[in-house]
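Have a look at the structure below before the remarks.
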Amino acid sequence: MQEYYEQRAPEYDDWWTGAGLFAARDRPGWQAEVAELIAALEALPPARTLDIACGTAFLACRLPGEVTGLDASAGMLAIARERLPHVVEGDALEPPFVDGAFERVSTGHFYGHLREPERIRFVERARRLAPELLVIDSARRDDVPAERMDQRVLNDGSRHEVFKRWFAPAQLADELGGGEIVHAGHWFVAVRA
């Protein structure tokens, strides 16, 4: 998956903004919901945050407080550096920080790529790094299964298989051990645990 995201870095924000290959996709209400999600994130209390698998920092730069981005992709981090003052290259499942180094760990559209053993490992590590965990991911809809192998096509025509899950808000909250639903929409869900 790291190779996929490295290749996707220059076009990653197209998914959020509806540009490039995403311009032709039928996603009713997408732009309005992206704006709602961003507003919900901006309304959170400021915190010293580690954003794991930050990608281009499209969402991380909206979080209030001091934010450090972590990603394994040099291409993603090159873009993230334009949005965040602190970025670190590293493994999302083994972040190179001491326990208690942050007030919040956040992740956007990474948790849904993890299989169960990785999810357990991720949550355990995040809980050691910070007392709060914020997970933003894809909402469960009628037109998608709970999980599947998903084929992704990039602008260069390359194809990549990635594991993907979609979440109902209460399901994600339960999986994280309880928490506040920050956003529950047609396209996105965000839970603060």
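Letters A, B, ... mark the chains of the structure tokens in the order given; residue numbers begin at 1 per chain; ligand numbers begin at 1, in order shown.
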Per-residue nearest contacts of stretch 57-115 of chain A to stretch 30-38 of chain A (12 Å; only C-alpha atoms) as CSV:
residue,atom,partner,partner_atom,distance
A:Phe58,CA,A:Ile38,CA,9.6
A:Leu59,CA,A:Ile38,CA,7.1
A:Ala60,CA,A:Ile38,CA,9.8
A:Cys61,CA,A:Ile38,CA,9.8
A:Arg62,CA,A:Ile38,CA,6.6
A:Leu63,CA,A:Ile38,CA,8.6
A:Pro64,CA,A:Ile38,CA,11.1
A:Gly108,CA,A:Leu37,CA,11.2
Contacts of A:Val191 within 6 Å, only C-alpha atoms, excl. fewer than 2 positions in-chain, as a list of chain:residue names: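 Returned residues: A:Leu134, A:Val135, A:Glu180, A:Ile181, A:Val182.
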Contacts of A:His109 at 8 Å (only C-alpha atoms; same-chain gap of 5+ positions) as a VMD selection string: chain A and resid 135 to 138
Can I get the selected residues back with N, CA and C atoms, as a PDB file, in the first residue's frame?
ATOM      1  N   VAL A 135     -10.492   9.395  14.883  1.00  0.00           N
ATOM      2  CA  VAL A 135     -10.444   8.600  13.650  1.00  0.00           C
ATOM      3  C   VAL A 135     -11.474   9.144  12.679  1.00  0.00           C
ATOM      4  N   ILE A 136     -10.989   9.491  11.488  1.00  0.00           N
ATOM      5  CA  ILE A 136     -11.840   9.978  10.402  1.00  0.00           C
ATOM      6  C   ILE A 136     -11.730   8.953   9.284  1.00  0.00           C
ATOM      7  N   ASP A 137     -12.870   8.506   8.776  1.00  0.00           N
ATOM      8  CA  ASP A 137     -12.802   7.510   7.704  1.00  0.00           C
ATOM      9  C   ASP A 137     -14.070   7.559   6.865  1.00  0.00           C
ATOM     10  N   SER A 138     -14.248   6.546   6.048  1.00  0.00           N
ATOM     11  CA  SER A 138     -15.367   6.495   5.108  1.00  0.00           C
ATOM     12  C   SER A 138     -16.615   5.934   5.774  1.00  0.00           C
TER      13      SER A 138
END
So which residues touch A:Gly90 within 10 Å, counting only C-alpha atoms, skipping near sequence neighbours fewer than 4 positions away, as a PDB file with N, CA and C atoms, in the first residue's frame?
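The resulting file, result07.pdb, is shown below:
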ATOM      1  N   ILE A  52      -1.372  10.594  12.299  1.00  0.00           N
ATOM      2  CA  ILE A  52      -0.706   9.405  11.769  1.00  0.00           C
ATOM      3  C   ILE A  52      -1.238   9.101  10.379  1.00  0.00           C
ATOM      4  N   ALA A  53      -0.310   8.830   9.459  1.00  0.00           N
ATOM      5  CA  ALA A  53      -0.621   8.628   8.042  1.00  0.00           C
ATOM      6  C   ALA A  53      -1.266   9.908   7.506  1.00  0.00           C
ATOM      7  N   GLY A  69       2.706  15.877  11.618  1.00  0.00           N
ATOM      8  CA  GLY A  69       2.263  14.873  10.662  1.00  0.00           C
ATOM      9  C   GLY A  69       3.279  13.753  10.558  1.00  0.00           C
ATOM     10  N   LEU A  70       2.809  12.528  10.460  1.00  0.00           N
ATOM     11  CA  LEU A  70       3.652  11.346  10.289  1.00  0.00           C
ATOM     12  C   LEU A  70       3.146  10.570   9.091  1.00  0.00           C
ATOM     13  N   ASP A  71       4.047  10.212   8.192  1.00  0.00           N
ATOM     14  CA  ASP A  71       3.677   9.401   7.042  1.00  0.00           C
ATOM     15  C   ASP A  71       4.907   8.646   6.568  1.00  0.00           C
ATOM     16  N   ALA A  72       4.689   7.513   5.903  1.00  0.00           N
ATOM     17  CA  ALA A  72       5.794   6.712   5.366  1.00  0.00           C
ATOM     18  C   ALA A  72       6.164   7.134   3.956  1.00  0.00           C
ATOM     19  N   SER A  73       5.336   7.953   3.328  1.00  0.00           N
ATOM     20  CA  SER A  73       5.546   8.359   1.938  1.00  0.00           C
ATOM     21  C   SER A  73       6.271   9.697   1.855  1.00  0.00           C
ATOM     22  N   ALA A  74       7.450   9.686   1.266  1.00  0.00           N
ATOM     23  CA  ALA A  74       8.207  10.927   1.085  1.00  0.00           C
ATOM     24  C   ALA A  74       7.437  11.899   0.192  1.00  0.00           C
ATOM     25  N   GLU A  94       4.270   1.990  14.090  1.00  0.00           N
ATOM     26  CA  GLU A  94       5.348   2.132  15.080  1.00  0.00           C
ATOM     27  C   GLU A  94       5.857   3.566  15.084  1.00  0.00           C
ATOM     28  N   PRO A  95       5.017   4.524  15.454  1.00  0.00           N
ATOM     29  CA  PRO A  95       5.437   5.928  15.445  1.00  0.00           C
ATOM     30  C   PRO A  95       6.660   6.145  16.348  1.00  0.00           C
ATOM     31  N   PRO A  96       7.618   6.934  15.889  1.00  0.00           N
ATOM     32  CA  PRO A  96       8.876   7.108  16.628  1.00  0.00           C
ATOM     33  C   PRO A  96       8.795   8.174  17.726  1.00  0.00           C
TER      34      PRO A  96
END
Closest-contact table, stretch 4-60 of chain A side, partner stretch 153-177 of chain A, 7 Å, counting only C-alpha atoms, as JSON lines:
{"residue": "A:Tyr4", "atom": "CA", "partner": "A:His160", "partner_atom": "CA", "distance": 6.4}
{"residue": "A:Arg8", "atom": "CA", "partner": "A:Leu154", "partner_atom": "CA", "distance": 6.7}
{"residue": "A:Leu21", "atom": "CA", "partner": "A:Asn155", "partner_atom": "CA", "distance": 6.7}
Counting only C-alpha atoms, the residue of A:Ala24, A:Ala101, A:Ala78, A:Ala139 that sits nearest A:Ala190: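 Residue with the minimum atom-to-atom distance to A:Ala190: A:Ala139.
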Best match for closeness to A:Tyr12 among A:Ala146, A:His113, A:Arg104, A:Arg152, counting only C-alpha atoms: A:Arg152
Filtered DSSP result for stretch 37-152 of chain A, state alpha helix (DSSP H), as number ranges by chain: A: 37-42, 74-80, 116-129
Residue with smallest distance to A:Leu93 - pool A:Ala19, A:Val144, A:Ala39, A:Ala126, counting only C-alpha atoms: A:Ala126
Gap from atom CA of A:Val67 to atom CA of A:Phe22 - Å, one decimal: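 Atom CA of A:Phe22 lies at a distance of 28.3 Å from atom CA of A:Val67.
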Selected residue of minimal separation from A:Glu103 among A:Leu41, A:Leu133, A:Ala9, A:Val189, counting only C-alpha atoms: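 Selected residue with least distance to A:Glu103: A:Leu133.
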Residues within 10 Å of A:Phe97, only C-alpha atoms, excluding chain neighbours under 6 positions, as a VMD selection string: chain A and resid 50 128 to 129
Saved selection, atoms kept: C-alpha atoms, as a CSV table (one decimal), in the first residue's frame:
chain,number,residue,atom,x,y,z
A,50,LEU,CA,0.1,13.6,16.1
A,128,ARG,CA,0.0,5.1,24.7
A,129,LEU,CA,0.9,8.2,22.7
Two-atom distance - atom CA of A:Gly29, atom CA of A:Ala43 (Å):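 About the pair atom CA of A:Gly29 and atom CA of A:Ala43: they are 21.1 Å apart.
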Computed interatomic separation between atom CA of A:Phe102 and atom CA of A:Pro131 (Å):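 Between atom CA of A:Phe102 and atom CA of A:Pro131 the gap works out to 8.0 Å.
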Which residue of A:Ala47, A:Ala184, A:Met149, A:Ala57 approaches A:Arg81 most closely, using only C-alpha atoms: A:Ala57
